[in-house]
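A.B. asks: What follows is target_22.txt, compact mmCIF, C-alpha atoms.
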```txt
# COMPACT_ATOMS: atom_id res chain seq x y z
CA MET A 29 -3.75 -6.02 11.57
CA ASN A 30 -1.74 -5.28 14.72
CA ASP A 31 -1.49 -1.68 15.89
CA ILE A 32 2.08 -0.48 15.34
CA HIS A 33 1.36 3.25 15.46
CA ASP A 34 3.28 3.91 18.67
CA LYS A 35 6.29 1.88 17.57
CA ARG A 36 6.60 3.32 14.08
CA ASP A 37 5.79 7.01 14.49
CA PRO A 38 9.36 8.07 15.40
CA ARG A 39 10.80 6.43 12.29
CA LEU A 40 8.01 7.63 10.01
CA SER A 41 8.38 11.18 11.29
CA HIS A 42 11.91 11.11 9.92
CA LEU A 43 10.69 9.92 6.51
CA LEU A 44 8.33 12.90 6.56
CA SER A 45 11.05 15.25 7.74
CA ASP A 46 13.21 14.22 4.77
CA ALA A 47 10.29 14.68 2.41
CA VAL A 48 9.33 18.20 3.46
CA SER A 49 12.83 19.64 3.40
CA ASP A 50 12.03 21.14 -0.05
CA VAL A 51 15.73 21.06 -0.97
CA GLU A 52 17.00 19.09 -3.93
CA PRO A 53 20.23 17.19 -3.15
CA GLN A 54 23.21 18.76 -4.86
CA ASP A 55 26.00 16.96 -6.68
CA ALA A 56 28.06 16.94 -3.52
CA LEU A 57 30.07 13.84 -4.38
CA ALA A 58 31.44 15.63 -7.43
CA GLU A 59 32.28 18.59 -5.21
CA ILE A 60 34.11 16.34 -2.75
CA ARG A 61 36.04 14.64 -5.54
CA THR A 62 37.21 18.06 -6.68
CA ARG A 63 38.42 18.80 -3.17
CA THR A 64 40.35 15.53 -2.95
CA LYS A 65 42.01 16.03 -6.36
CA VAL A 66 42.03 12.27 -6.94
CA THR A 67 40.65 10.04 -9.67
CA PRO A 68 36.84 9.96 -9.40
CA MET A 69 34.94 6.86 -8.35
CA SER A 70 34.85 3.95 -10.74
CA ALA A 71 32.23 3.37 -13.42
CA ARG A 72 29.03 5.32 -13.23
CA ARG A 73 25.82 3.52 -12.42
CA PRO A 74 23.41 2.41 -15.15
CA TRP A 75 21.17 5.18 -16.51
CA LEU A 76 18.29 3.83 -14.46
CA TYR A 77 20.10 4.82 -11.26
CA ALA A 78 22.22 7.71 -12.51
CA VAL A 79 19.40 10.22 -12.52
CA GLY A 80 19.93 12.83 -9.79
CA GLY A 81 18.29 11.80 -6.53
CA ALA A 82 16.09 13.85 -4.30
CA VAL A 83 14.65 13.59 -0.84
CA VAL A 84 11.51 11.50 -0.43
CA ALA A 85 8.45 13.30 -1.84
CA THR A 86 6.10 14.80 0.73
CA ALA A 87 2.91 13.44 -0.76
CA ALA A 88 4.37 9.95 -1.09
CA THR A 89 5.56 9.89 2.49
CA VAL A 90 2.24 11.17 3.79
CA ALA A 91 0.64 8.25 1.98
CA ALA A 92 3.06 5.87 3.74
CA VAL A 93 2.22 7.40 7.10
CA ALA A 94 -1.49 7.16 6.40
CA ALA A 95 -1.10 3.51 5.45
CA LEU A 96 0.36 2.80 8.88
CA GLY A 97 -2.35 4.69 10.73
CA GLY A 98 -0.05 7.58 11.65
CA SER A 99 -0.88 11.24 11.59
CA PRO A 100 1.10 13.18 8.96
CA GLN A 101 -0.05 16.44 10.45
CA ASN A 102 1.25 15.55 13.88
CA SER A 103 4.51 14.22 12.47
CA ALA A 104 5.10 17.38 10.47
CA GLN A 105 4.76 19.44 13.63
CA ASP A 106 7.70 17.66 15.25
CA PRO A 107 10.83 19.46 14.04
CA GLY A 108 13.19 17.52 16.27
CA PRO A 109 14.72 14.07 15.89
CA ALA A 110 12.52 11.01 15.90
CA ALA A 111 12.54 10.91 19.65
CA SER A 112 10.29 9.53 22.32
CA GLN A 113 11.63 11.13 25.45
CA THR A 114 11.50 9.69 28.92
CA PRO A 115 8.84 11.80 30.68
CA THR A 116 9.86 13.99 33.58
CA GLU A 117 7.62 15.76 36.09
CA ASP A 118 7.15 19.47 35.68
CA SER A 119 7.12 21.40 38.92
CA ALA A 120 3.85 23.22 39.59
CA PRO A 121 4.15 27.01 39.20
CA SER A 122 3.71 29.15 42.30
CA GLU A 123 1.07 31.86 42.17
CA ALA A 124 3.45 34.27 43.83
CA SER A 125 6.31 33.64 41.42
CA GLU A 126 7.09 36.00 38.57
CA PRO A 127 7.00 34.48 35.07
CA THR A 128 10.43 33.77 33.65
CA GLN A 129 11.25 35.83 30.58
CA GLN A 130 12.33 33.53 27.77
CA PRO A 131 14.75 34.84 25.12
CA GLU A 132 13.32 35.32 21.66
CA PRO A 133 14.68 32.68 19.24
CA THR A 134 16.86 33.97 16.44
CA GLU A 135 18.28 32.40 13.31
CA GLU A 136 21.64 32.11 15.03
CA THR A 137 20.25 30.36 18.12
CA THR A 138 20.97 26.64 18.40
CA PRO A 139 17.79 24.69 19.26
CA PRO A 140 17.86 23.59 22.91
CA GLU A 141 19.18 20.08 23.28
CA GLN A 142 17.20 17.54 25.25
CA PRO A 143 17.89 16.81 28.92
CA ALA A 144 20.81 14.48 29.55
CA SER A 145 18.50 12.07 31.40
CA ALA A 146 16.21 11.59 28.38
CA SER A 147 16.30 8.86 25.78
CA ALA A 148 15.44 9.12 22.10
CA THR A 149 15.13 7.15 18.89
CA LEU A 150 17.82 8.52 16.60
CA PRO A 151 18.77 8.04 12.93
CA ALA A 152 22.31 7.21 11.88
CA TYR A 153 23.74 6.36 8.47
CA TYR A 154 26.18 3.50 7.91
CA LEU A 155 28.04 1.87 5.02
CA ARG A 156 27.04 -1.46 3.54
CA GLU A 157 27.99 -3.48 0.51
CA THR A 158 25.59 -3.44 -2.45
CA PRO A 159 25.84 -4.59 -6.08
CA GLN A 160 26.49 -0.93 -6.92
CA GLY A 161 29.39 -0.77 -4.46
CA LEU A 162 29.51 0.81 -1.03
CA ARG A 163 26.35 2.76 -0.19
CA LEU A 164 24.78 4.39 2.86
CA THR A 165 21.78 3.01 4.75
CA ARG A 166 19.89 4.56 7.65
CA GLU A 167 19.27 2.74 10.92
CA PHE A 168 17.21 3.88 13.92
CA GLN A 169 18.36 3.21 17.47
CA ARG A 170 16.93 4.15 20.85
CA VAL A 171 19.70 5.53 23.06
CA ASP A 172 20.12 7.32 26.36
CA LEU A 173 21.22 10.89 25.83
CA SER A 174 24.42 11.94 27.58
CA ASP A 175 24.66 14.79 25.06
CA GLY A 176 22.10 16.37 22.76
CA PRO A 177 20.30 14.17 20.20
CA VAL A 178 22.12 15.49 17.13
CA THR A 179 25.51 14.95 18.77
CA GLU A 180 24.49 11.45 19.85
CA ALA A 181 23.24 10.57 16.34
CA VAL A 182 26.51 11.67 14.71
CA ARG A 183 28.39 9.76 17.40
CA LEU A 184 26.49 6.58 16.49
CA ALA A 185 27.52 6.99 12.85
CA LEU A 186 31.17 7.78 13.61
CA THR A 187 31.73 4.99 16.11
CA GLY A 188 29.89 2.39 14.03
CA ARG A 189 27.59 1.14 16.77
CA ALA A 190 25.09 -0.32 14.30
CA LEU A 191 22.62 -2.99 15.36
CA ASP A 192 22.64 -4.62 11.93
CA PRO A 193 25.86 -6.65 11.43
CA ASP A 194 25.81 -5.77 7.71
CA TYR A 195 26.32 -2.08 8.53
CA ARG A 196 29.60 -0.40 9.47
CA THR A 197 31.24 2.99 9.66
CA ALA A 198 33.82 4.38 7.26
CA TRP A 199 35.53 6.34 10.04
CA PRO A 200 38.78 5.12 11.66
CA ALA A 201 38.63 3.77 15.22
CA GLY A 202 38.75 6.55 17.80
CA SER A 203 36.74 9.03 15.71
CA ASP A 204 33.99 10.72 17.71
CA ALA A 205 31.77 13.79 17.86
CA LYS A 206 32.57 16.37 20.54
CA SER A 207 29.56 18.55 19.76
CA VAL A 208 27.06 19.43 17.07
CA SER A 209 25.22 22.75 16.83
CA VAL A 210 23.04 24.61 14.34
CA ASP A 211 24.10 28.19 13.83
CA GLY A 212 23.09 30.64 11.12
CA GLY A 213 21.72 28.00 8.78
CA THR A 214 24.75 25.69 9.09
CA ILE A 215 25.20 22.48 11.07
CA ASN A 216 28.58 22.65 12.82
CA VAL A 217 30.09 19.26 13.65
CA ASP A 218 33.17 19.31 15.87
CA LEU A 219 35.09 16.05 15.52
CA THR A 220 37.75 14.50 17.70
CA GLY A 221 40.07 11.57 17.03
CA ALA A 222 39.71 11.98 13.26
CA SER A 223 42.77 12.41 11.07
CA GLN A 224 43.35 15.34 8.76
CA GLY A 225 44.91 13.17 6.07
CA ARG A 226 43.39 10.08 4.50
CA PRO A 227 44.47 7.09 6.60
CA SER A 228 46.43 4.25 5.06
CA GLY A 229 44.07 1.64 3.67
CA MET A 230 41.16 4.04 3.20
CA SER A 231 40.13 4.57 -0.42
CA ALA A 232 39.02 7.90 -1.85
CA GLU A 233 35.50 6.45 -2.20
CA GLN A 234 35.43 5.48 1.49
CA ALA A 235 36.60 8.96 2.49
CA GLU A 236 33.83 10.52 0.40
CA LEU A 237 31.20 8.26 1.96
CA ALA A 238 32.58 8.91 5.45
CA ILE A 239 31.90 12.62 4.96
CA GLN A 240 28.42 11.84 3.63
CA GLN A 241 27.77 9.60 6.66
CA VAL A 242 28.15 12.65 8.87
CA VAL A 243 26.24 14.97 6.52
CA TYR A 244 23.20 12.71 6.11
CA THR A 245 23.12 11.81 9.82
CA ALA A 246 23.43 15.40 11.05
CA GLN A 247 20.75 16.62 8.65
CA ALA A 248 18.33 13.84 9.60
CA ALA A 249 18.83 14.28 13.35
CA ALA A 250 18.65 18.09 13.24
CA ALA A 251 15.41 17.84 11.21
CA GLN A 252 15.78 21.34 9.78
CA GLY A 253 16.03 20.42 6.10
CA ARG A 254 19.17 19.91 4.08
CA LEU A 255 21.39 22.41 5.84
CA PRO A 256 25.09 22.46 4.88
CA VAL A 257 27.48 20.79 7.31
CA GLN A 258 30.76 22.38 8.42
CA LEU A 259 33.42 20.14 9.97
CA THR A 260 35.96 21.26 12.57
CA LEU A 261 38.52 19.25 14.54
CA ASP A 262 38.94 19.53 18.32
CA GLY A 263 37.26 22.92 18.45
CA ALA A 264 39.32 24.55 15.71
CA SER A 265 39.16 25.03 11.97
CA THR A 266 41.06 22.47 9.96
CA ALA A 267 42.22 22.50 6.34
CA GLN A 268 40.99 18.99 5.70
CA VAL A 269 39.50 15.85 7.25
CA LEU A 270 40.33 12.40 5.85
CA GLY A 271 42.23 14.15 3.07
CA ILE A 272 39.19 16.16 1.94
CA SER A 273 39.15 19.96 2.05
CA THR A 274 36.90 21.50 4.70
CA SER A 275 37.22 25.07 3.43
CA GLU A 276 33.51 25.09 2.59
CA PRO A 277 30.52 23.39 4.25
CA PHE A 278 29.42 20.07 2.75
CA SER A 279 26.11 19.46 1.00
CA ASN A 280 24.30 16.13 0.86
CA ALA A 281 25.06 14.08 -2.24
CA ALA A 282 22.30 12.82 -4.54
CA GLU A 283 20.42 9.82 -3.14
CA ASN A 284 20.72 7.63 -6.24
CA GLU A 285 24.51 7.97 -6.11
CA THR A 286 24.88 7.66 -2.33
CA LEU A 287 22.16 5.58 -0.68
CA ALA A 288 21.47 1.86 -1.04
CA LEU A 289 18.67 1.42 -3.59
CA VAL A 290 16.46 -0.37 -1.08
CA SER A 291 16.32 -0.18 2.70
CA VAL A 292 14.05 -1.27 5.53
CA SER A 293 13.18 1.61 7.86
CA SER A 294 10.58 0.18 10.23
CA LEU A 295 12.24 -2.99 11.51
CA SER A 296 15.14 -3.13 13.92
CA GLU A 297 17.66 -5.95 13.85
CA GLY A 298 16.39 -8.77 16.10
CA GLU A 299 12.93 -7.25 16.56
CA THR A 300 10.09 -9.45 17.83
CA VAL A 301 7.04 -9.34 15.54
CA ASP A 302 3.41 -10.39 15.75
CA ASP A 303 1.59 -12.78 13.40
CA ARG A 304 0.92 -9.85 11.08
CA PHE A 305 3.13 -6.80 10.94
CA VAL A 306 3.75 -3.82 8.69
CA VAL A 307 7.13 -3.07 7.13
CA SER A 308 8.09 0.17 5.41
CA GLY A 309 11.18 1.55 3.76
CA ILE A 310 12.44 3.37 0.67
CA ALA A 311 13.56 2.05 -2.70
CA ASN A 312 14.32 2.78 -6.32
CA SER A 313 13.25 -0.46 -7.95
CA PHE A 314 12.18 -1.50 -11.47
CA GLU A 315 8.59 -0.42 -12.09
CA ALA A 316 8.30 0.45 -8.37
CA THR A 317 8.11 -3.25 -7.43
CA VAL A 318 9.80 -4.17 -4.14
CA PRO A 319 9.82 -7.97 -3.63
CA TRP A 320 10.22 -9.30 -0.10
CA GLU A 321 10.86 -12.68 1.48
CA VAL A 322 10.85 -14.28 4.92
CA ARG A 323 13.62 -16.85 5.13
CA GLN A 324 14.54 -19.61 7.54
CA GLY A 325 18.13 -20.34 6.73
CA ASP A 326 18.29 -20.69 2.94
CA ARG A 327 14.60 -21.64 2.64
CA VAL A 328 11.98 -19.05 1.66
CA VAL A 329 8.93 -19.58 3.90
CA ALA A 330 6.86 -16.53 2.90
CA LYS A 331 7.08 -13.97 0.13
CA GLY A 332 5.25 -11.10 -1.51
CA PHE A 333 5.92 -7.65 -2.86
CA ALA A 334 5.28 -4.02 -2.08
CA THR A 335 4.64 -1.24 -4.56
CA ALA A 336 6.65 1.92 -4.02
CA ASP A 337 5.21 5.34 -4.82
CA GLY A 338 7.52 5.77 -7.82
CA TRP A 339 10.86 4.80 -9.33
CA MET A 340 13.77 5.87 -11.54
CA ASP A 341 14.48 9.47 -10.48
CA LYS A 342 14.87 8.96 -6.73
CA LEU A 343 14.08 6.65 -3.81
CA TYR A 344 10.39 6.35 -2.96
CA PRO A 345 8.61 5.03 0.15
CA TRP A 346 7.04 1.59 0.17
CA THR A 347 4.86 -0.22 2.72
CA THR A 348 3.65 -3.80 2.97
CA GLN A 349 1.88 -6.09 5.43
CA VAL A 350 3.58 -9.39 6.20
CA ASP A 351 1.62 -12.42 7.41
CA VAL A 352 3.66 -14.96 9.37
CA SER A 353 0.71 -16.48 11.23
CA LYS A 354 1.40 -19.92 9.70
CA LEU A 355 5.04 -19.96 10.77
CA ALA A 356 6.27 -21.65 13.93
CA PRO A 357 7.74 -19.34 16.57
CA GLY A 358 11.42 -18.80 16.01
CA THR A 359 14.10 -16.68 14.38
CA TYR A 360 13.79 -15.73 10.71
CA THR A 361 15.21 -13.23 8.22
CA PHE A 362 13.11 -10.59 6.49
CA ALA A 363 14.59 -9.42 3.17
CA ALA A 364 13.41 -6.55 0.94
CA MET A 365 15.02 -6.22 -2.48
CA THR A 366 14.96 -4.37 -5.76
CA ASP A 367 13.26 -6.14 -8.65
CA ASP A 368 15.50 -7.62 -11.34
CA PRO A 369 13.43 -9.01 -14.22
CA SER A 370 16.62 -9.88 -16.12
CA GLY A 371 17.61 -12.41 -13.46
CA GLY A 372 21.04 -10.84 -13.15
CA ALA A 373 21.74 -10.87 -16.90
CA GLU A 374 21.72 -7.06 -17.03
CA GLY A 375 23.10 -4.50 -14.64
CA ALA A 376 24.61 -5.17 -11.25
CA GLY A 377 21.82 -7.40 -9.94
CA PRO A 378 19.28 -6.83 -7.18
CA THR A 379 20.06 -4.91 -4.00
CA GLU A 380 18.60 -6.23 -0.75
CA ASP A 381 18.37 -5.22 2.89
CA THR A 382 17.83 -7.89 5.54
CA LYS A 383 16.69 -7.85 9.16
CA THR A 384 16.64 -10.69 11.67
CA ILE A 385 13.15 -11.03 13.18
CA VAL A 386 11.74 -13.18 15.95
CA VAL A 387 8.24 -14.57 15.42
CA LYS A 388 6.34 -15.07 18.68
```
Could you spell out this file's structure in structure tokens?

C.D. replies:
Amino acid sequence: MNDIHDKRDPRLSHLLSDAVSDVEPQDALAEIRTRTKVTPMSARRPWLYAVGGAVVATAATVAAVAALGGSPQNSAQDPGPAASQTPTEDSAPSEASEPTQQPEPTEETTPPEQPASASATLPAYYLRETPQGLRLTREFQRVDLSDGPVTEAVRLALTGRALDPDYRTAWPAGSDAKSVSVDGGTINVDLTGASQGRPSGMSAEQAELAIQQVVYTAQAAAAQGRLPVQLTLDGASTAQVLGISTSEPFSNAAENETLALVSVSSLSEGETVDDRFVVSGIANSFEATVPWEVRQGDRVVAKGFATADGWMDKLYPWTTQVDVSKLAPGTYTFAAMTDDPSGGAEGAGPTEDTKTIVVK
């Protein structure tokens, strides 16, 4: 098996960060619908997926990390975003110099943002179509930091700069993040270019998911648990954003009602892979079975399945090893999906997440 520890640790550390937040997601979508005073979203999901979601369980995620050769203990010690910074030289201290007194951190102190010259692997949440309707999916990207990592992550989500062509943003063109800070147990996101009212052509569901895009992204990048998110506009309080009241901070909505029921976390769109590689993600799939396929066009050239650490009540981590050693070098599609033993006769049908891969 090829060693992917260095490549995967940043993304796995975020799975672990989500798992150890120890905060159950609240029914934030219902709260947002109350703020909008519009007709709620259409038909509820089947009972299998309507159970309140939660963040990924700590023990399950540690098992996923262990399966990939990572160190859960080391990952848990990294409270920041899944970042691998560009190293910089530290100047040698002078014996004659006096030590610099550092201020004591307080609850109200925003964690120091990384140097502008650094780069980091950041999480961002985007919309994609699923059989259950529009849902959010997380993607990791390595970016140069012109601002702090949390600001840059929210900016990725708002501007829709996804690598996967199936992903997009719900925010209107021109929306951006001016700054993001953590203060007194709240993540403050200052937006610019966003409208107070709901734009023409945007549905109430899209407005709700747009807010959750920012909430999930800011929480993941800040890596301080499920802190509430307060939105402001151009440095000032605003009564609403996208037609939704901002009088109170937003909580993250339940996973089963908000996130796609399967996603691939450890592959980037267009990634080059070895003959054998490990793929991981999260899913809520029938009997914890997560089928996968490697496709060349419409033809399935390899297939198998992973077993997630659970199912029904929330999304659970899954990991599998894929063997493409018998395939000719070229471009293929990796697809992970939820299991549908009814063959589409019941429910909305299987959900899948695909990534283009290049076999050496």

A.B. asks: Just want the 8 Å neighbourhood of A:Asp337, counted on only C-alpha atoms, with same-chain residues fewer than 3 positions away dropped. Output as a list of chain:residue names.

C.D. replies: A:Ala88, A:Ala316, A:Tyr344, A:Pro345, A:Trp346

A.B. asks: Which residues, written as a PDB file with C-alpha atoms, in the coordinates of the input, have at least one atom at most 10 Å from A:Leu186, with all atoms listed in the file counted and residues fewer than 5 positions away on the same chain left out?

C.D. replies:
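Final file, out.pdb:
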```pdb
ATOM      1  CA  ALA A 152      22.310   7.210  11.880  1.00  0.00           C
ATOM      2  CA  TYR A 153      23.740   6.360   8.470  1.00  0.00           C
ATOM      3  CA  TYR A 154      26.180   3.500   7.910  1.00  0.00           C
ATOM      4  CA  GLU A 180      24.490  11.450  19.850  1.00  0.00           C
ATOM      5  CA  ALA A 181      23.240  10.570  16.340  1.00  0.00           C
ATOM      6  CA  ARG A 196      29.600  -0.400   9.470  1.00  0.00           C
ATOM      7  CA  THR A 197      31.240   2.990   9.660  1.00  0.00           C
ATOM      8  CA  ALA A 198      33.820   4.380   7.260  1.00  0.00           C
ATOM      9  CA  TRP A 199      35.530   6.340  10.040  1.00  0.00           C
ATOM     10  CA  PRO A 200      38.780   5.120  11.660  1.00  0.00           C
ATOM     11  CA  ALA A 201      38.630   3.770  15.220  1.00  0.00           C
ATOM     12  CA  GLY A 202      38.750   6.550  17.800  1.00  0.00           C
ATOM     13  CA  SER A 203      36.740   9.030  15.710  1.00  0.00           C
ATOM     14  CA  ASP A 204      33.990  10.720  17.710  1.00  0.00           C
ATOM     15  CA  ALA A 205      31.770  13.790  17.860  1.00  0.00           C
ATOM     16  CA  LEU A 219      35.090  16.050  15.520  1.00  0.00           C
ATOM     17  CA  ALA A 222      39.710  11.980  13.260  1.00  0.00           C
ATOM     18  CA  ALA A 238      32.580   8.910   5.450  1.00  0.00           C
ATOM     19  CA  ILE A 239      31.900  12.620   4.960  1.00  0.00           C
ATOM     20  CA  GLN A 241      27.770   9.600   6.660  1.00  0.00           C
ATOM     21  CA  VAL A 242      28.150  12.650   8.870  1.00  0.00           C
ATOM     22  CA  THR A 245      23.120  11.810   9.820  1.00  0.00           C
TER      23      THR A 245
END
```

A.B. asks: Give me, please, the distance in Å between atom CA of A:Gly271 and atom CA of A:Gln160, quoted to one decimal.

C.D. replies: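 Between atom CA of A:Gly271 and atom CA of A:Gln160 the gap works out to 24.0 Å.
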
A.B. asks: Given only C-alpha atoms as the basis, pick out the residue of A:Ala364, A:Lys331, A:Ile272, A:Ser313 nearest to A:Glu380.

C.D. replies: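 When distances to A:Glu380 are compared using only C-alpha atoms, the smallest one comes from A:Ala364.
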
A.B. asks: Could you check the closest approach to A:Glu283 for each of A:Asp341, A:Asp367, A:Asp351, A:Asp175 and tell me which residue wins, using only C-alpha atoms?

C.D. replies: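 Using only C-alpha atoms, A:Glu283 sits closest to A:Asp341.
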
A.B. asks: Ranking A:Met230, A:Val306, A:Val290, A:Leu295 by minimum distance to A:Thr347 and counting only C-alpha atoms, which one comes first?

C.D. replies: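 Ranked by minimum distance to A:Thr347, first place goes to A:Val306.
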
A.B. asks: Give me, as a list in words, all polymer residues having an atom no more than 9 Å from A:Tyr244, counting all atoms listed in the file and skipping those fewer than 6 positions away in the same chain.

C.D. replies: Ala152, Tyr153, Arg166, Arg254, Ser279, Asn280 and Ala281 of chain A

A.B. asks: Rebuild stretch 224-232 of chain A so that it carries all heavy atoms, then output the result as an mmCIF file, keeping the file's coordinate frame.

C.D. replies:
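Written out: part.cif:
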```cif
data_model
loop_
_atom_site.group_PDB
_atom_site.id
_atom_site.type_symbol
_atom_site.label_atom_id
_atom_site.label_comp_id
_atom_site.auth_asym_id
_atom_site.auth_seq_id
_atom_site.Cartn_x
_atom_site.Cartn_y
_atom_site.Cartn_z
ATOM 1 N N GLN A 224 43.460 14.362 9.826
ATOM 2 C CA GLN A 224 43.350 15.340 8.760
ATOM 3 C C GLN A 224 43.610 14.690 7.402
ATOM 4 O O GLN A 224 42.901 14.954 6.439
ATOM 5 C CB GLN A 224 44.346 16.481 8.994
ATOM 6 C CG GLN A 224 43.994 17.381 10.174
ATOM 7 C CD GLN A 224 44.930 18.573 10.265
ATOM 8 O OE1 GLN A 224 46.131 18.458 10.021
ATOM 9 N NE2 GLN A 224 44.382 19.722 10.632
ATOM 10 N N GLY A 225 44.615 13.860 7.319
ATOM 11 C CA GLY A 225 44.910 13.170 6.070
ATOM 12 C C GLY A 225 44.115 11.893 5.929
ATOM 13 O O GLY A 225 43.535 11.388 6.901
ATOM 14 N N ARG A 226 44.082 11.349 4.720
ATOM 15 C CA ARG A 226 43.390 10.080 4.500
ATOM 16 C C ARG A 226 44.238 8.952 5.046
ATOM 17 O O ARG A 226 45.380 8.757 4.622
ATOM 18 C CB ARG A 226 43.126 9.902 3.004
ATOM 19 C CG ARG A 226 42.437 8.590 2.660
ATOM 20 C CD ARG A 226 41.543 8.719 1.437
ATOM 21 N NE ARG A 226 42.222 9.262 0.284
ATOM 22 C CZ ARG A 226 42.816 8.543 -0.669
ATOM 23 N NH1 ARG A 226 42.841 7.220 -0.577
ATOM 24 N NH2 ARG A 226 43.383 9.124 -1.693
ATOM 25 N N PRO A 227 43.696 8.167 5.983
ATOM 26 C CA PRO A 227 44.470 7.090 6.600
ATOM 27 C C PRO A 227 44.893 6.031 5.590
ATOM 28 O O PRO A 227 44.228 5.824 4.565
ATOM 29 C CB PRO A 227 43.506 6.505 7.639
ATOM 30 C CG PRO A 227 42.487 7.563 7.861
ATOM 31 C CD PRO A 227 42.351 8.278 6.554
ATOM 32 N N SER A 228 45.966 5.348 5.891
ATOM 33 C CA SER A 228 46.430 4.250 5.060
ATOM 34 C C SER A 228 45.362 3.165 5.008
ATOM 35 O O SER A 228 44.776 2.784 6.022
ATOM 36 C CB SER A 228 47.726 3.669 5.640
ATOM 37 O OG SER A 228 48.128 2.531 4.909
ATOM 38 N N GLY A 229 45.081 2.681 3.823
ATOM 39 C CA GLY A 229 44.070 1.640 3.670
ATOM 40 C C GLY A 229 42.686 2.163 3.377
ATOM 41 O O GLY A 229 41.798 1.375 3.040
ATOM 42 N N MET A 230 42.466 3.462 3.508
ATOM 43 C CA MET A 230 41.160 4.040 3.200
ATOM 44 C C MET A 230 41.177 4.555 1.763
ATOM 45 O O MET A 230 42.037 5.352 1.385
ATOM 46 C CB MET A 230 40.817 5.190 4.156
ATOM 47 C CG MET A 230 39.537 5.938 3.776
ATOM 48 S SD MET A 230 39.111 7.294 4.906
ATOM 49 C CE MET A 230 38.375 6.378 6.260
ATOM 50 N N SER A 231 40.214 4.121 0.966
ATOM 51 C CA SER A 231 40.130 4.570 -0.420
ATOM 52 C C SER A 231 39.498 5.956 -0.487
ATOM 53 O O SER A 231 38.867 6.422 0.474
ATOM 54 C CB SER A 231 39.296 3.582 -1.240
ATOM 55 O OG SER A 231 37.934 3.627 -0.832
ATOM 56 N N ALA A 232 39.652 6.596 -1.638
ATOM 57 C CA ALA A 232 39.020 7.900 -1.850
ATOM 58 C C ALA A 232 37.503 7.777 -1.747
ATOM 59 O O ALA A 232 36.829 8.651 -1.193
ATOM 60 C CB ALA A 232 39.427 8.467 -3.199
#
```
